[in-house]
$ cat query.cif   # mmCIF, C-alpha atoms
data_work
loop_
_atom_site.label_atom_id
_atom_site.label_comp_id
_atom_site.auth_asym_id
_atom_site.auth_seq_id
_atom_site.Cartn_x
_atom_site.Cartn_y
_atom_site.Cartn_z
CA MET K 1 0.00 0.00 0.00
CA ASN K 2 1.25 3.49 -0.84
CA CYS K 3 0.05 7.00 0.12
CA ASN K 4 -2.42 7.22 -2.79
CA THR K 5 -4.15 3.97 -1.89
CA CYS K 6 -3.96 4.58 1.86
CA GLU K 7 -5.37 8.12 1.95
CA PRO K 8 -8.97 7.32 0.89
CA LEU K 9 -9.14 4.57 3.54
CA LEU K 10 -8.06 6.71 6.45
CA SER K 11 -11.45 8.10 7.48
CA VAL K 12 -13.07 4.69 7.71
CA TYR K 13 -9.93 3.44 9.46
CA ILE K 14 -10.09 6.07 12.21
CA GLU K 15 -13.87 5.56 12.66
CA GLN K 16 -13.43 1.85 13.12
CA ALA K 17 -10.55 2.33 15.52
CA GLU K 18 -12.83 4.23 17.91
CA PRO K 19 -13.79 2.50 21.15
CA GLY K 20 -17.01 0.54 20.89
CA ARG K 21 -16.85 0.28 17.11
CA ARG K 22 -17.03 -3.07 15.43
CA SER K 23 -13.92 -4.33 13.68
CA LEU K 24 -13.49 -4.13 9.94
CA GLY K 25 -14.61 -7.72 9.44
CA GLU K 26 -14.11 -8.45 5.80
CA GLY K 27 -12.03 -5.29 5.54
CA GLY K 28 -9.58 -6.62 8.12
CA GLN K 29 -6.97 -7.09 5.46
CA GLU K 30 -7.37 -3.48 4.38
CA ARG K 31 -7.00 -2.33 7.95
CA ALA K 32 -3.81 -4.31 8.35
CA GLY K 33 -2.52 -2.73 5.15
CA VAL K 34 -3.34 0.77 6.41
CA GLU K 35 -1.65 0.09 9.75
CA ALA K 36 1.46 -1.24 8.03
CA HIS K 37 1.64 1.85 5.81
CA LEU K 38 1.11 4.23 8.73
CA ARG K 39 4.05 2.66 10.58
CA THR K 40 6.35 3.71 7.79
CA CYS K 41 4.77 6.96 6.51
CA GLY K 42 4.86 10.08 8.68
CA SER K 43 2.79 12.09 6.23
CA CYS K 44 -0.16 9.68 6.25
CA ARG K 45 0.18 9.29 10.02
CA ALA K 46 -0.13 13.05 10.44
CA LEU K 47 -3.13 13.09 8.11
CA ALA K 48 -4.84 10.33 10.10
CA GLU K 49 -4.24 12.21 13.34
CA ASP K 50 -5.65 15.43 11.88
CA LEU K 51 -8.75 13.68 10.53
CA ARG K 52 -9.30 12.15 13.96
CA ALA K 53 -8.90 15.56 15.60
CA ILE K 54 -11.39 17.15 13.19
CA ARG K 55 -13.91 14.40 13.91
CA LEU K 56 -13.51 14.90 17.66
CA ALA K 57 -13.78 18.69 17.34
CA ALA K 58 -16.93 18.32 15.21
CA ARG K 59 -18.55 16.18 17.88
CA SER K 60 -17.93 18.80 20.52
CA LEU K 61 -19.34 21.78 18.63
CA GLU K 62 -21.68 23.81 20.79
CA PRO K 63 -25.43 24.01 20.12
CA LEU K 64 -26.59 27.29 18.56
CA VAL K 65 -29.50 29.44 19.65
CA PRO K 66 -31.90 30.99 17.14
CA PRO K 67 -32.45 34.75 17.54
CA ALA K 68 -35.63 35.70 19.39
CA ARG K 69 -37.02 37.36 16.26
CA VAL K 70 -37.43 33.94 14.62
CA TRP K 71 -40.18 32.91 17.02
CA HIS K 72 -41.96 36.22 16.55
CA ARG K 73 -41.89 35.75 12.78
CA ILE K 74 -43.12 32.17 13.04
CA ALA K 75 -45.89 33.05 15.50
CA ALA K 76 -47.10 35.89 13.28
CA ALA K 77 -47.00 33.73 10.16
CA ALA K 78 -48.81 30.89 11.93
CA GLU K 79 -51.46 33.34 13.09
CA ALA K 80 -52.03 34.32 9.48
CA GLU K 81 -52.31 30.74 8.28
CA PRO K 82 -55.74 29.83 6.97
CA ARG K 83 -57.29 27.05 8.99
CA VAL K 84 -60.03 25.16 7.20
CA SER K 85 -60.42 22.10 9.37
CA TRP K 86 -63.61 23.50 10.83
CA LEU K 87 -65.16 23.07 7.40
CA GLN K 88 -65.20 19.36 8.04
CA SER K 89 -66.69 19.73 11.50
CA GLY K 90 -70.23 19.50 10.25
CA TRP K 91 -71.60 22.53 11.99
CA LEU K 92 -72.42 24.35 8.81
CA ASN K 93 -76.10 25.05 8.71
CA TRP K 94 -77.41 27.48 6.18
CA ARG K 95 -80.09 30.05 6.51
CA PRO K 96 -80.72 33.16 4.43
CA LEU K 97 -78.80 36.14 5.63
CA THR K 98 -80.24 39.59 5.67
CA ALA K 99 -78.78 41.96 3.16
CA VAL K 100 -78.19 44.49 5.90
CA ALA K 101 -75.94 42.19 7.89
CA MET K 102 -74.13 41.05 4.77
CA THR K 103 -73.60 44.62 3.63
CA ALA K 104 -71.99 45.51 6.95
CA LEU K 105 -69.79 42.47 6.76
CA ILE K 106 -68.63 43.08 3.22
CA ALA K 107 -68.14 46.78 3.79
CA ALA K 108 -65.63 45.97 6.48
CA SER K 109 -63.75 43.62 4.17
CA LEU K 110 -63.83 46.07 1.28
CA TRP K 111 -62.31 48.73 3.49
CA ARG K 112 -59.43 46.40 4.18
CA VAL K 113 -59.05 45.58 0.48
CA GLY K 114 -59.00 49.31 -0.21
CA THR K 115 -56.10 49.76 2.16
CA LEU K 116 -54.25 46.98 0.39
CA LEU K 117 -54.75 48.54 -3.02
CA GLY K 118 -53.66 51.98 -1.93
CA PRO K 119 -50.26 53.05 -3.24
CA ALA K 120 -48.96 53.80 0.23
CA ALA K 121 -50.33 50.64 1.74
CA ALA K 122 -47.53 48.94 3.56
CA PRO K 123 -47.27 45.18 3.44
CA PRO K 124 -48.15 43.45 6.69
CA SER K 125 -44.54 43.09 7.71
CA SER K 126 -45.48 42.11 11.22
CA ALA K 127 -46.86 38.91 9.77
CA GLY K 128 -43.33 38.03 8.84
CA THR K 129 -44.27 36.74 5.39
CA THR K 130 -41.14 35.90 3.44
CA VAL K 131 -40.22 34.82 -0.03
CA ALA K 132 -39.77 31.40 1.45
CA ASP K 133 -43.53 31.28 2.07
CA VAL K 134 -44.16 31.68 -1.63
CA ALA K 135 -41.91 28.86 -2.70
CA PRO K 136 -42.04 26.41 0.12
CA ALA K 137 -40.18 23.15 0.32
CA SER K 138 -41.85 20.17 -1.25
CA ALA K 139 -42.63 18.78 2.19
CA GLY K 140 -45.79 20.89 2.38
CA LEU K 141 -48.16 23.12 0.46
CA GLY K 142 -47.29 26.77 0.37
CA PRO K 143 -49.47 29.51 1.77
CA GLU K 144 -50.84 30.43 -1.66
CA SER K 145 -51.91 26.84 -2.23
CA ASP K 146 -53.46 26.75 1.21
CA TYR K 147 -55.40 29.95 0.56
CA THR K 148 -56.52 28.69 -2.82
CA LEU K 149 -57.67 25.43 -1.29
CA ALA K 150 -59.49 27.21 1.51
CA ILE K 151 -61.17 29.58 -0.94
CA ALA K 152 -62.21 26.68 -3.19
CA GLN K 153 -63.76 24.84 -0.26
CA LEU K 154 -65.53 27.89 1.05
CA GLU K 155 -66.82 28.78 -2.39
CA GLN K 156 -68.05 25.23 -2.82
CA VAL K 157 -70.11 25.64 0.32
CA THR K 158 -71.47 29.04 -0.63
CA ASN K 159 -72.22 28.02 -4.21
CA ALA K 160 -74.02 24.88 -3.09
CA ASP K 161 -76.33 26.89 -0.86
CA ARG K 162 -76.46 30.11 -2.82
CA ASP K 163 -80.20 29.75 -3.31
CA VAL K 164 -80.83 30.17 0.41
CA LEU K 165 -79.46 33.69 0.25
CA ASP K 166 -81.91 36.40 -0.62
CA GLN K 167 -81.21 38.29 -3.83
CA ASP K 168 -79.95 41.47 -2.21
CA THR K 169 -77.57 39.61 0.08
CA ALA K 170 -76.19 37.55 -2.79
CA GLY K 171 -75.72 40.72 -4.82
CA VAL K 172 -73.76 42.43 -2.06
CA LEU K 173 -71.65 39.34 -1.53
CA ASN K 174 -70.86 39.10 -5.25
CA ALA K 175 -69.90 42.75 -5.41
CA GLY K 176 -67.56 42.33 -2.47
CA LEU K 177 -65.94 39.25 -3.90
CA THR K 178 -65.51 41.01 -7.25
CA VAL K 179 -63.51 43.76 -5.59
CA ILE K 180 -61.35 41.29 -3.71
CA ASP K 181 -60.83 39.23 -6.87
CA GLY K 182 -59.70 42.44 -8.57
CA ALA K 183 -57.14 42.96 -5.82
CA ILE K 184 -55.94 39.38 -6.24
CA SER K 185 -55.63 39.80 -10.01
CA GLU K 186 -53.73 43.06 -9.63
CA SER K 187 -51.33 41.51 -7.13
CA ARG K 188 -50.80 38.49 -9.36
CA ALA K 189 -50.11 40.75 -12.36
CA ALA K 190 -47.63 42.79 -10.30
CA LEU K 191 -45.95 39.59 -9.17
CA GLU K 192 -45.75 38.33 -12.73
CA ALA K 193 -44.10 41.57 -13.80
CA GLU K 194 -41.74 41.51 -10.82
CA PRO K 195 -41.43 37.95 -9.49
CA GLN K 196 -38.95 39.03 -6.82
CA SER K 197 -41.16 41.81 -5.45
CA GLN K 198 -41.76 41.08 -1.79
CA SER K 199 -44.37 43.80 -1.66
CA ALA K 200 -46.37 42.23 -4.51
CA GLN K 201 -46.13 38.83 -2.85
CA GLU K 202 -47.33 40.18 0.44
CA SER K 203 -50.16 42.10 -1.25
CA LEU K 204 -51.27 38.89 -2.93
CA PHE K 205 -51.24 37.03 0.38
CA ALA K 206 -53.11 39.84 2.06
CA ALA K 207 -55.81 39.87 -0.65
CA LEU K 208 -56.14 36.09 -0.49
CA ARG K 209 -56.38 36.30 3.29
CA ARG K 210 -59.15 38.86 2.96
CA LYS K 211 -61.09 36.61 0.62
CA VAL K 212 -60.77 33.67 2.98
CA SER K 213 -61.69 35.90 5.87
CA LEU K 214 -64.77 37.31 4.12
CA LEU K 215 -65.98 33.86 3.15
CA GLN K 216 -65.33 32.46 6.62
CA ASP K 217 -67.07 35.36 8.31
CA THR K 218 -69.95 35.00 5.91
CA VAL K 219 -70.36 31.32 6.63
CA ALA K 220 -70.16 31.91 10.37
CA LEU K 221 -72.66 34.76 10.22
CA ILE K 222 -75.06 32.77 8.10
CA ASN K 223 -74.84 29.87 10.51
CA GLU K 224 -75.53 32.04 13.53
CA MET K 225 -78.45 33.75 11.84
CA ARG K 226 -79.90 30.49 10.64
CA ASN K 227 -79.88 29.31 14.21
CA GLY K 228 -81.63 32.50 15.20
CA ASN K 229 -78.67 33.56 17.24
CA GLN K 230 -78.62 37.33 16.84
CA ASP K 231 -76.02 37.70 19.59
CA GLY K 232 -73.68 35.40 17.72
CA SER K 233 -74.20 37.39 14.56
CA ALA K 234 -73.40 40.58 16.41
CA ARG K 235 -70.19 39.02 17.72
CA ILE K 236 -69.06 37.99 14.26
CA LEU K 237 -69.60 41.39 12.68
CA PRO K 238 -67.05 43.24 14.83
CA GLU K 239 -64.58 40.38 14.31
CA SER K 240 -64.54 41.12 10.63
CA ASN K 241 -62.75 44.33 11.47
CA ARG K 242 -59.81 42.56 13.07
CA MET G 1 -26.27 13.69 19.38
CA ARG G 2 -27.98 11.53 16.74
CA GLY G 3 -30.77 14.01 16.27
CA ALA G 4 -32.24 13.19 19.62
CA ALA G 5 -34.31 15.74 21.46
CA ASN G 6 -34.98 15.86 25.15
CA PRO G 7 -36.90 12.65 25.79
CA THR G 8 -40.66 13.01 25.94
CA SER G 9 -43.33 10.37 26.34
CA PRO G 10 -45.40 9.32 23.31
CA ALA G 11 -48.55 10.36 25.15
CA ALA G 12 -47.14 13.82 25.87
CA ASP G 13 -46.07 14.18 22.23
CA LEU G 14 -49.51 13.22 20.97
CA GLU G 15 -51.23 15.58 23.36
CA LEU G 16 -48.96 18.45 22.34
CA ALA G 17 -49.52 17.66 18.66
CA GLN G 18 -53.29 17.60 19.15
CA ARG G 19 -53.23 20.92 20.96
CA CYS G 20 -51.17 22.42 18.15
CA GLY G 21 -53.62 20.94 15.65
CA ARG G 22 -56.47 22.73 17.40
CA GLY G 23 -54.66 26.01 16.86
CA ASP G 24 -53.47 26.34 20.45
CA GLN G 25 -50.73 28.98 20.17
CA ASP G 26 -49.34 28.19 23.63
CA ALA G 27 -48.84 24.59 22.58
CA PHE G 28 -47.20 25.69 19.36
CA GLU G 29 -44.83 27.91 21.31
CA GLN G 30 -44.09 25.01 23.65
CA LEU G 31 -43.22 22.90 20.60
CA TYR G 32 -40.98 25.68 19.33
CA ARG G 33 -39.17 26.11 22.65
CA ALA G 34 -38.55 22.36 22.85
CA GLN G 35 -37.28 21.86 19.30
CA ALA G 36 -36.05 25.13 17.81
CA GLY G 37 -32.53 25.17 19.25
CA ARG G 38 -31.67 21.68 18.10
CA LEU G 39 -33.19 22.19 14.65
CA TYR G 40 -31.60 25.63 14.21
CA THR G 41 -28.20 24.17 15.07
CA LEU G 42 -28.66 21.46 12.47
CA ILE G 43 -29.98 23.83 9.82
CA VAL G 44 -27.23 26.45 10.24
CA ARG G 45 -24.59 23.81 9.65
CA MET G 46 -26.44 22.10 6.82
CA VAL G 47 -27.16 25.25 4.80
CA GLY G 48 -23.98 27.06 5.84
CA SER G 49 -25.64 30.37 6.73
CA ALA G 50 -27.28 31.61 9.91
CA GLU G 51 -29.44 34.05 7.96
CA THR G 52 -30.78 31.38 5.62
CA ALA G 53 -31.23 29.06 8.58
CA GLU G 54 -33.75 31.48 10.09
CA ASP G 55 -35.90 31.26 6.95
CA VAL G 56 -35.59 27.49 6.74
CA LEU G 57 -36.43 27.11 10.43
CA GLN G 58 -39.53 29.23 9.88
CA GLU G 59 -40.56 27.03 6.97
CA VAL G 60 -40.04 23.91 9.07
CA PHE G 61 -42.29 25.16 11.86
CA LEU G 62 -44.96 26.44 9.50
CA THR G 63 -44.97 23.11 7.69
CA ALA G 64 -45.28 21.38 11.04
CA TYR G 65 -48.12 23.73 11.95
CA ARG G 66 -49.96 22.78 8.76
CA LYS G 67 -49.23 19.07 8.95
CA ILE G 68 -49.35 18.37 12.66
CA GLY G 69 -52.77 16.78 12.22
CA SER G 70 -51.01 13.95 10.39
CA PHE G 71 -48.69 13.22 13.34
CA ARG G 72 -49.71 9.82 14.72
CA GLY G 73 -46.91 9.21 17.19
CA ALA G 74 -45.12 6.52 15.15
CA SER G 75 -41.92 8.33 16.09
CA SER G 76 -41.32 11.05 18.65
CA LEU G 77 -42.41 14.56 17.81
CA GLY G 78 -38.74 15.54 17.94
CA THR G 79 -37.77 12.91 15.36
CA TRP G 80 -40.74 13.87 13.19
CA MET G 81 -39.61 17.49 13.14
CA TYR G 82 -35.96 16.58 12.73
CA ARG G 83 -36.72 14.64 9.54
CA MET G 84 -38.76 17.56 8.31
CA ALA G 85 -35.83 19.89 8.98
CA VAL G 86 -33.39 17.67 7.10
CA ASN G 87 -35.78 17.52 4.14
CA HIS G 88 -36.24 21.28 4.13
CA CYS G 89 -32.47 21.77 4.18
CA LEU G 90 -32.06 19.41 1.24
CA ASP G 91 -34.89 21.10 -0.66
CA TYR G 92 -33.26 24.47 -0.08
CA LEU G 93 -29.82 23.24 -1.10
CA ARG G 94 -31.12 21.46 -4.20
CA GLY G 95 -33.10 24.54 -5.21
CA ARG G 96 -30.06 26.73 -4.83
CA GLN G 97 -27.95 24.17 -6.62
CA SER G 98 -30.22 24.00 -9.63
CA LYS G 99 -30.23 27.80 -9.81
CA MET G 100 -26.47 27.93 -9.75
CA ALA G 101 -26.13 24.85 -11.98
CA ARG G 102 -23.06 23.84 -10.07
CA THR G 103 -22.67 20.23 -11.02
CA THR G 104 -19.53 19.81 -8.95
CA ASP G 105 -21.40 20.79 -5.81
CA SER G 106 -23.59 17.75 -5.82
CA ILE G 107 -24.77 15.58 -2.96
CA GLU G 108 -23.42 12.71 -5.03
CA ASP G 109 -19.71 12.08 -4.88
CA ASP G 110 -17.97 14.25 -7.46
CA GLY G 111 -14.89 12.05 -7.29
CA MET G 112 -12.51 14.99 -7.13
CA ALA G 113 -9.43 14.50 -5.03
CA GLU G 114 -8.43 17.11 -2.48
CA PRO G 115 -4.82 18.23 -2.54
CA ILE G 116 -2.91 17.35 0.57
CA ALA G 117 -2.82 20.18 3.11
CA PRO G 118 0.29 22.34 2.88
CA ALA G 119 1.13 21.95 6.54
CA PRO G 120 0.06 19.46 9.19
CA LEU G 121 -2.71 20.65 11.44
CA VAL G 122 -1.94 20.87 15.11
CA ALA G 123 -4.72 18.72 16.42
CA SER G 124 -5.06 20.32 19.82
CA THR G 125 -5.51 23.83 18.47
CA ILE G 126 -8.69 23.47 16.40
CA ASN G 127 -10.72 26.53 17.21
CA ARG G 128 -14.46 25.81 17.24
CA LEU G 129 -15.35 29.07 15.56
CA ASP G 130 -12.82 28.42 12.82
CA LEU G 131 -14.25 24.94 12.41
CA GLU G 132 -17.82 26.30 12.16
CA ARG G 133 -16.71 28.75 9.49
CA ALA G 134 -14.78 26.10 7.60
CA ILE G 135 -17.79 23.74 7.64
CA ALA G 136 -19.91 26.52 6.13
CA LYS G 137 -17.42 26.79 3.26
CA LEU G 138 -17.54 23.11 2.34
CA PRO G 139 -19.25 22.07 -0.90
CA VAL G 140 -22.87 21.09 -0.30
CA GLY G 141 -22.49 17.36 -0.85
CA CYS G 142 -19.70 16.72 1.58
CA ARG G 143 -20.99 19.33 4.06
CA THR G 144 -24.38 17.64 4.50
CA ALA G 145 -22.81 14.20 4.90
CA PHE G 146 -20.19 15.53 7.33
CA VAL G 147 -22.72 17.41 9.46
CA LEU G 148 -25.04 14.43 9.73
CA HIS G 149 -22.23 11.95 10.41
CA ASP G 150 -19.56 13.76 12.39
CA VAL G 151 -21.55 16.53 14.07
CA GLU G 152 -24.97 14.93 14.50
CA GLY G 153 -23.62 11.42 15.04
CA PHE G 154 -25.58 9.35 12.51
CA GLU G 155 -24.12 6.17 11.04
CA HIS G 156 -23.22 6.08 7.36
CA HIS G 157 -26.21 3.91 6.45
CA GLU G 158 -28.50 6.42 8.17
CA VAL G 159 -26.85 9.36 6.41
CA ALA G 160 -27.18 7.49 3.12
CA THR G 161 -30.92 7.01 3.68
CA MET G 162 -31.48 10.62 4.64
CA LEU G 163 -29.54 12.02 1.69
CA GLY G 164 -30.66 9.45 -0.86
CA ILE G 165 -27.11 8.34 -1.61
CA SER G 166 -25.22 5.09 -1.21
CA GLU G 167 -23.39 4.22 2.00
CA GLY G 168 -20.12 4.26 0.06
CA THR G 169 -20.84 7.77 -1.17
CA SER G 170 -21.55 8.85 2.39
CA LYS G 171 -18.17 7.52 3.50
CA SER G 172 -16.30 9.17 0.65
CA GLN G 173 -18.13 12.48 1.14
CA VAL G 174 -17.36 12.53 4.86
CA HIS G 175 -13.74 11.73 4.12
CA LYS G 176 -13.58 14.45 1.50
CA ALA G 177 -15.07 16.93 3.97
CA ARG G 178 -12.51 16.09 6.66
CA VAL G 179 -9.63 16.43 4.21
CA LYS G 180 -10.96 19.76 2.94
CA LEU G 181 -11.46 20.99 6.50
CA ARG G 182 -7.91 20.01 7.31
CA GLY G 183 -6.72 22.03 4.35
CA MET G 184 -8.76 25.10 5.32
CA LEU G 185 -7.85 24.93 9.00
CA SER G 186 -4.15 24.36 8.43
CA ARG G 187 -4.01 27.25 5.96
CA GLY G 188 -5.96 29.39 8.40
CA ASP G 189 -8.62 30.21 5.75
CA ALA G 190 -11.42 30.47 8.25
CA ALA G 191 -9.44 32.55 10.72
CA GLU G 192 -8.28 34.88 7.97
CA GLU G 193 -11.83 35.29 6.70
CA TRP G 194 -12.99 36.07 10.22
CA ARG G 195 -10.29 38.73 10.58
CA ARG G 196 -11.29 40.25 7.22
CA GLU G 197 -14.94 40.40 8.27
CA ALA G 198 -14.01 41.87 11.65
CA ARG G 199 -11.92 44.55 9.96
CA ALA G 200 -14.73 45.31 7.51
CA GLN G 201 -17.26 45.60 10.34
CA ALA G 202 -14.92 47.81 12.34
CA GLY G 203 -14.61 50.03 9.27
CA HIS G 204 -18.38 50.50 9.22
CA VAL G 205 -18.65 51.49 12.86
#

$ encode --input "query.cif" --output "structure tokens"
Amino acid sequence: MNCNTCEPLLSVYIEQAEPGRRSLGEGGQERAGVEAHLRTCGSCRALAEDLRAIRLAARSLEPLVPPARVWHRIAAAAEAEPRVSWLQSGWLNWRPLTAVAMTALIAASLWRVGTLLGPAAAPPSSAGTTVADVAPASAGLGPESDYTLAIAQLEQVTNADRDVLDQDTAGVLNAGLTVIDGAISESRAALEAEPQSQSAQESLFAALRRKVSLLQDTVALINEMRNGNQDGSARILPESNR
Amino acid sequence: MRGAANPTSPAADLELAQRCGRGDQDAFEQLYRAQAGRLYTLIVRMVGSAETAEDVLQEVFLTAYRKIGSFRGASSLGTWMYRMAVNHCLDYLRGRQSKMARTTDSIEDDGMAEPIAPAPLVASTINRLDLERAIAKLPVGCRTAFVLHDVEGFEHHEVATMLGISEGTSKSQVHKARVKLRGMLSRGDAAEEWRREARAQAGHV
């Protein structure tokens, strides 16, 4: 064995020489060859010692601590995550909603959309939305996919029971959704023009969030009213201004 | 280390997961406090950047938040999240790799030999900060194998499974990483870079 054939075997050699490790077994001959070469070659001996030292130093590296801001970003982003599991909970129960209540609800959402469309509207930086949210790892759906899924499910519910809404209420709802859809389209167009624009990405998320929020609030309000629970309806209306 | 978290009981893990699944923010924070340090440590070393690690860690926890309903307790919650973190690191590194089209920076063995270090390393003087910096400068393929094997303590067959490579490739990548680290540490690359950065920062103050 010479230096060229010994060098690639040194890492495995030092691992197997550690206490508690099993012997080379079928590689025993190789190990004997390495040991014989090391007895005569100072250069390879020094290399083996250094590789062993690096392995030991790597094992003793200290744990690192994430900055406090990371939790704040995660908590804010989690707060903004759409949660649709309640859709499967079976409590949905439709009843026509009065146009007055729906108008109040949609007006609140439209005001928020208006602030998003304004030129000086700042992105919701406190939510901590990042580019990473737009292109998530393959392990999970990204926020946009989640919003789209939530919207699709909510729309499925509303479309299936659209006939229980009175004409005025349905009209107001459609008008509100049209405005929000406009905001979504504008954000998507801006993002297409400038794919790296964080502001466009955040505007898109915000508009999608508003659509989910409007549909969720609508469903909740309809449910409360159908059950004749005026107090519940009253509670939901202020929540739409969150 | 072997990716182990502080031991928790399966029942406690399931209960915490269920609370998180119900949207309980306190439970989610409890999960974060229990796992974030260990995962952040892994991610920083895998991706080679503390700044990027913050984003990847955020993705890991948000993915966990979305998927925690699928946690059934087959493994510990810590192991479940650890695997997720490794996968997110690999996704990030592969994404970056495809953007840069750096074929020599592959998780597969590139077969390139490392020149022997110019001077022997004095084993007892390896500075941990220098080592951290040198690890960050390793090519992706050998860095991920080295971190999982030498820092995190996994066996080669486990590293091979996690990285989707053969056990032989894991061994050769870890060896390549050690030899490269020896070269960087003996030349003082990491220390010199640190001094340059320190001088640059001092110049901005």

$ interface_residues --input "query.cif" --of "chain K" --to "chain G" --cutoff "6 Å" --atoms "all atoms listed in the file" --output "list in words"
Ser11, Asp50, Leu51, Ala53, Arg55, Ala58, Arg59, Pro63, Leu64, Val65, Ile74, Ala137 and Gly140 of chain K

$ atom_distance --input "query.cif" --atom1 "atom CA of G:Arg187" --atom2 "atom CA of K:Arg52"
17.9 Å

$ resolve_selection --input "query.cif" --expression "the PyMOL selection byres ((chain K and resi 32-45) around 9)" --output "PyMOL selection string"
(chain K and resi 1-3+5-7+9-10+13+27-31+46-50) or (chain G and resi 120)

$ atom_distance --input "query.cif" --atom1 "atom CA of K:Thr169" --atom2 "atom CA of K:Val157"
15.8 Å

$ atom_distance --input "query.cif" --atom1 "atom CA of K:Ala175" --atom2 "atom CA of K:Tyr147"
20.2 Å

$ build_atoms --input "query.cif" --residues "stretch 56-74 of chain K" --atoms "N, CA and C atoms" --output "PDB file, in the coordinates of the input"
ATOM      1  N   LEU K  56     -13.258  14.649  16.231  1.00  0.00           N
ATOM      2  CA  LEU K  56     -13.510  14.900  17.660  1.00  0.00           C
ATOM      3  C   LEU K  56     -13.998  16.329  17.882  1.00  0.00           C
ATOM      4  N   ALA K  57     -13.374  17.281  17.186  1.00  0.00           N
ATOM      5  CA  ALA K  57     -13.780  18.690  17.340  1.00  0.00           C
ATOM      6  C   ALA K  57     -15.213  18.883  16.846  1.00  0.00           C
ATOM      7  N   ALA K  58     -15.572  18.193  15.754  1.00  0.00           N
ATOM      8  CA  ALA K  58     -16.930  18.320  15.210  1.00  0.00           C
ATOM      9  C   ALA K  58     -17.970  17.812  16.199  1.00  0.00           C
ATOM     10  N   ARG K  59     -17.622  16.754  16.890  1.00  0.00           N
ATOM     11  CA  ARG K  59     -18.550  16.180  17.880  1.00  0.00           C
ATOM     12  C   ARG K  59     -18.792  17.126  19.046  1.00  0.00           C
ATOM     13  N   SER K  60     -17.804  17.959  19.331  1.00  0.00           N
ATOM     14  CA  SER K  60     -17.930  18.800  20.520  1.00  0.00           C
ATOM     15  C   SER K  60     -18.369  20.229  20.190  1.00  0.00           C
ATOM     16  N   LEU K  61     -18.848  20.442  18.967  1.00  0.00           N
ATOM     17  CA  LEU K  61     -19.340  21.780  18.630  1.00  0.00           C
ATOM     18  C   LEU K  61     -20.543  22.123  19.510  1.00  0.00           C
ATOM     19  N   GLU K  62     -20.615  23.380  19.881  1.00  0.00           N
ATOM     20  CA  GLU K  62     -21.680  23.810  20.790  1.00  0.00           C
ATOM     21  C   GLU K  62     -23.010  23.955  20.039  1.00  0.00           C
ATOM     22  N   PRO K  63     -24.125  23.729  20.750  1.00  0.00           N
ATOM     23  CA  PRO K  63     -25.430  24.010  20.120  1.00  0.00           C
ATOM     24  C   PRO K  63     -25.590  25.513  19.895  1.00  0.00           C
ATOM     25  N   LEU K  64     -26.360  25.876  18.883  1.00  0.00           N
ATOM     26  CA  LEU K  64     -26.590  27.290  18.560  1.00  0.00           C
ATOM     27  C   LEU K  64     -28.005  27.675  19.000  1.00  0.00           C
ATOM     28  N   VAL K  65     -28.194  28.950  19.184  1.00  0.00           N
ATOM     29  CA  VAL K  65     -29.500  29.440  19.650  1.00  0.00           C
ATOM     30  C   VAL K  65     -30.091  30.367  18.600  1.00  0.00           C
ATOM     31  N   PRO K  66     -31.307  30.088  18.139  1.00  0.00           N
ATOM     32  CA  PRO K  66     -31.900  30.990  17.140  1.00  0.00           C
ATOM     33  C   PRO K  66     -32.223  32.345  17.767  1.00  0.00           C
ATOM     34  N   PRO K  67     -32.090  33.434  17.004  1.00  0.00           N
ATOM     35  CA  PRO K  67     -32.450  34.750  17.540  1.00  0.00           C
ATOM     36  C   PRO K  67     -33.930  34.798  17.920  1.00  0.00           C
ATOM     37  N   ALA K  68     -34.244  35.632  18.902  1.00  0.00           N
ATOM     38  CA  ALA K  68     -35.630  35.700  19.390  1.00  0.00           C
ATOM     39  C   ALA K  68     -36.603  36.101  18.287  1.00  0.00           C
ATOM     40  N   ARG K  69     -36.108  36.880  17.317  1.00  0.00           N
ATOM     41  CA  ARG K  69     -37.020  37.360  16.260  1.00  0.00           C
ATOM     42  C   ARG K  69     -37.618  36.204  15.448  1.00  0.00           C
ATOM     43  N   VAL K  70     -36.935  35.057  15.436  1.00  0.00           N
ATOM     44  CA  VAL K  70     -37.430  33.940  14.620  1.00  0.00           C
ATOM     45  C   VAL K  70     -38.783  33.467  15.138  1.00  0.00           C
ATOM     46  N   TRP K  71     -38.889  33.348  16.468  1.00  0.00           N
ATOM     47  CA  TRP K  71     -40.180  32.910  17.020  1.00  0.00           C
ATOM     48  C   TRP K  71     -41.273  33.922  16.701  1.00  0.00           C
ATOM     49  N   HIS K  72     -40.941  35.197  16.818  1.00  0.00           N
ATOM     50  CA  HIS K  72     -41.960  36.220  16.550  1.00  0.00           C
ATOM     51  C   HIS K  72     -42.451  36.123  15.095  1.00  0.00           C
ATOM     52  N   ARG K  73     -41.513  35.892  14.195  1.00  0.00           N
ATOM     53  CA  ARG K  73     -41.890  35.750  12.780  1.00  0.00           C
ATOM     54  C   ARG K  73     -42.767  34.518  12.583  1.00  0.00           C
ATOM     55  N   ILE K  74     -42.367  33.424  13.209  1.00  0.00           N
ATOM     56  CA  ILE K  74     -43.120  32.170  13.040  1.00  0.00           C
ATOM     57  C   ILE K  74     -44.522  32.314  13.646  1.00  0.00           C
TER      58      ILE K  74
END
